[in-house]
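Comments concern the structure below.
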Amino acid sequence: MSDEFLKVARQEIQSEIDSLKTIFLFCINDEQLYKKSVDIEKRMHNIKGLAPMMGQDKVGEIAKISDTIMKYVANHGILNGSHIMILEAVQKMDGLFNGITDIEIGNFRNKVKQTFPDILVS
């Protein structure tokens, strides 16, 4: 991939993460997450697609998990515990994308599977 593509992709992902962080300044519970679910899901979907192309596999995996949760919320309504889980995902993606290398995603994936066994089965 060209340096220009990587630069643009990096800016796009950072913009999406920054937008998610801004959303979570005002989105403070599961009901508000539901109201913003379509917007949040679109941003997670964009990150899910771009991050792996840039070698940001952990960011992509967190976005993939979050995208699945947000699609469920958008289609089914308020999901207890989803706000805190997606907030944690945004914080982890932000850290990973900005150079924090010791963020473990296996524990996050397992936590999501245990919390939402009918949503995240793989």
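Here, A, B, ... name the chains of the structure tokens in the order displayed, residue numbers run from 1 inside each chain, and ligands are numbered from 1 in the same displayed order.
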Excluding Ile17 in chain A and residues on its chain fewer than 3 positions from it, collect all residues at most 10 Å away from it, counting only C-alpha atoms, and give them as a list in words.
Gln11, Glu12, Ile13, Gln14, Leu20, Lys21, Thr22, Ile23, Arg43, Met44, Ile47, Val90, Gln91, Met93, Asp94 and Phe97 of chain A
Using the selection just defined, write its residues with N, CA and C atoms as a compact mmCIF listing (two decimals), in the first residue's frame.
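This is the output file again-v4.txt:
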```txt
# COMPACT_ATOMS: atom_id res chain seq x y z
N GLN A 11 -5.55 8.87 9.16
CA GLN A 11 -6.33 10.07 9.51
C GLN A 11 -7.81 9.71 9.66
N GLU A 12 -8.30 8.85 8.77
CA GLU A 12 -9.70 8.44 8.82
C GLU A 12 -10.01 7.68 10.11
N ILE A 13 -9.14 6.74 10.45
CA ILE A 13 -9.36 5.97 11.69
C ILE A 13 -9.29 6.88 12.90
N GLN A 14 -8.29 7.77 12.93
CA GLN A 14 -8.18 8.68 14.07
C GLN A 14 -9.41 9.57 14.18
N LEU A 20 -16.02 8.97 18.07
CA LEU A 20 -16.58 8.07 19.08
C LEU A 20 -16.34 8.59 20.49
N LYS A 21 -15.14 9.10 20.74
CA LYS A 21 -14.83 9.66 22.06
C LYS A 21 -15.76 10.84 22.36
N THR A 22 -16.03 11.66 21.36
CA THR A 22 -16.93 12.80 21.54
C THR A 22 -18.35 12.32 21.83
N ILE A 23 -18.80 11.32 21.10
CA ILE A 23 -20.14 10.76 21.35
C ILE A 23 -20.25 10.32 22.81
N ARG A 43 -19.35 4.04 12.39
CA ARG A 43 -17.95 4.39 12.70
C ARG A 43 -17.14 3.12 13.01
N MET A 44 -17.73 2.20 13.77
CA MET A 44 -17.05 0.94 14.07
C MET A 44 -16.83 0.14 12.78
N ILE A 47 -13.84 1.57 10.92
CA ILE A 47 -12.59 1.19 11.58
C ILE A 47 -12.30 -0.28 11.34
N VAL A 90 -13.82 1.60 22.81
CA VAL A 90 -13.31 2.86 22.27
C VAL A 90 -12.00 3.23 22.96
N GLN A 91 -11.96 3.08 24.27
CA GLN A 91 -10.75 3.40 25.02
C GLN A 91 -9.59 2.50 24.59
N MET A 93 -9.25 0.88 21.65
CA MET A 93 -8.86 1.22 20.28
C MET A 93 -8.03 2.49 20.25
N ASP A 94 -8.43 3.48 21.02
CA ASP A 94 -7.69 4.74 21.09
C ASP A 94 -6.27 4.50 21.58
N PHE A 97 -4.25 2.44 18.93
CA PHE A 97 -3.98 3.22 17.73
C PHE A 97 -2.93 4.29 17.98
```
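Closest to Lys64 in chain A among A:Ser82, A:Ile100, A:Cys27, A:Leu120 is A:Leu120, based on only C-alpha atoms.
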With only C-alpha atoms as the counted atoms, please give the residues lying no more than 12 Å from Ala9 in chain A, apart from itself and same-chain residues fewer than 3 positions off, as a VMD selection string.
chain A and resid 1 to 6 12 to 16 46 to 56 97
Output file for the residues above (C-alpha atoms, as a short mmCIF file (atom, residue, chain, number, x, y, z; two decimals), in the first residue's frame):
```
data_model
loop_
_atom_site.label_atom_id
_atom_site.label_comp_id
_atom_site.auth_asym_id
_atom_site.auth_seq_id
_atom_site.Cartn_x
_atom_site.Cartn_y
_atom_site.Cartn_z
CA MET A 1 0.00 0.00 0.00
CA SER A 2 1.16 3.47 -0.80
CA ASP A 3 2.34 5.87 1.85
CA GLU A 4 -0.43 8.25 0.80
CA PHE A 5 -3.13 5.60 1.33
CA LEU A 6 -1.72 4.74 4.76
CA GLU A 12 -9.70 8.44 8.82
CA ILE A 13 -9.36 5.97 11.69
CA GLN A 14 -8.18 8.68 14.07
CA SER A 15 -11.12 10.84 13.04
CA GLU A 16 -13.56 7.98 13.67
CA ASN A 46 -15.29 1.93 9.02
CA ILE A 47 -12.59 1.19 11.58
CA LYS A 48 -13.20 -2.56 11.22
CA GLY A 49 -12.44 -2.31 7.50
CA LEU A 50 -9.51 0.10 7.54
CA ALA A 51 -7.51 -0.94 10.60
CA PRO A 52 -6.41 -4.41 9.42
CA MET A 53 -5.24 -2.95 6.08
CA MET A 54 -2.84 -0.79 8.07
CA GLY A 55 -1.53 -3.60 10.25
CA GLN A 56 -3.68 -2.50 13.18
CA PHE A 97 -3.98 3.22 17.73
#
```
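Taking only C-alpha atoms, the non-local environment of Leu33 in chain A within 9 Å (same-chain residues fewer than 5 positions away omitted) comprises Phe24, Cys27, Ile28, Ile40, Met70, Val73, Ile78, Leu79, Ser82, His83 and Ile86 of chain A.
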DSSP says helix (DSSP H, G or I) for which residues of chain A? Put them as a ChimeraX atom specification?
/A:3-26,30-35,37-53,57-76,82-97,106-115
Which is closer to Ile69 in chain A than all the others in A:Asp57, A:Glu31, A:Asp118, A:Asp102, using only C-alpha atoms?
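When distances to Ile69 in chain A are compared using only C-alpha atoms, the smallest one comes from A:Asp118.
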From the options A:Leu87, A:Val112, A:Asn98, A:Gly106, which residue's atoms come nearest to Leu25 in chain A, counting only C-alpha atoms?
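Between A:Leu87, A:Val112, A:Asn98, A:Gly106, the residue approaching Leu25 in chain A most closely is A:Leu87.
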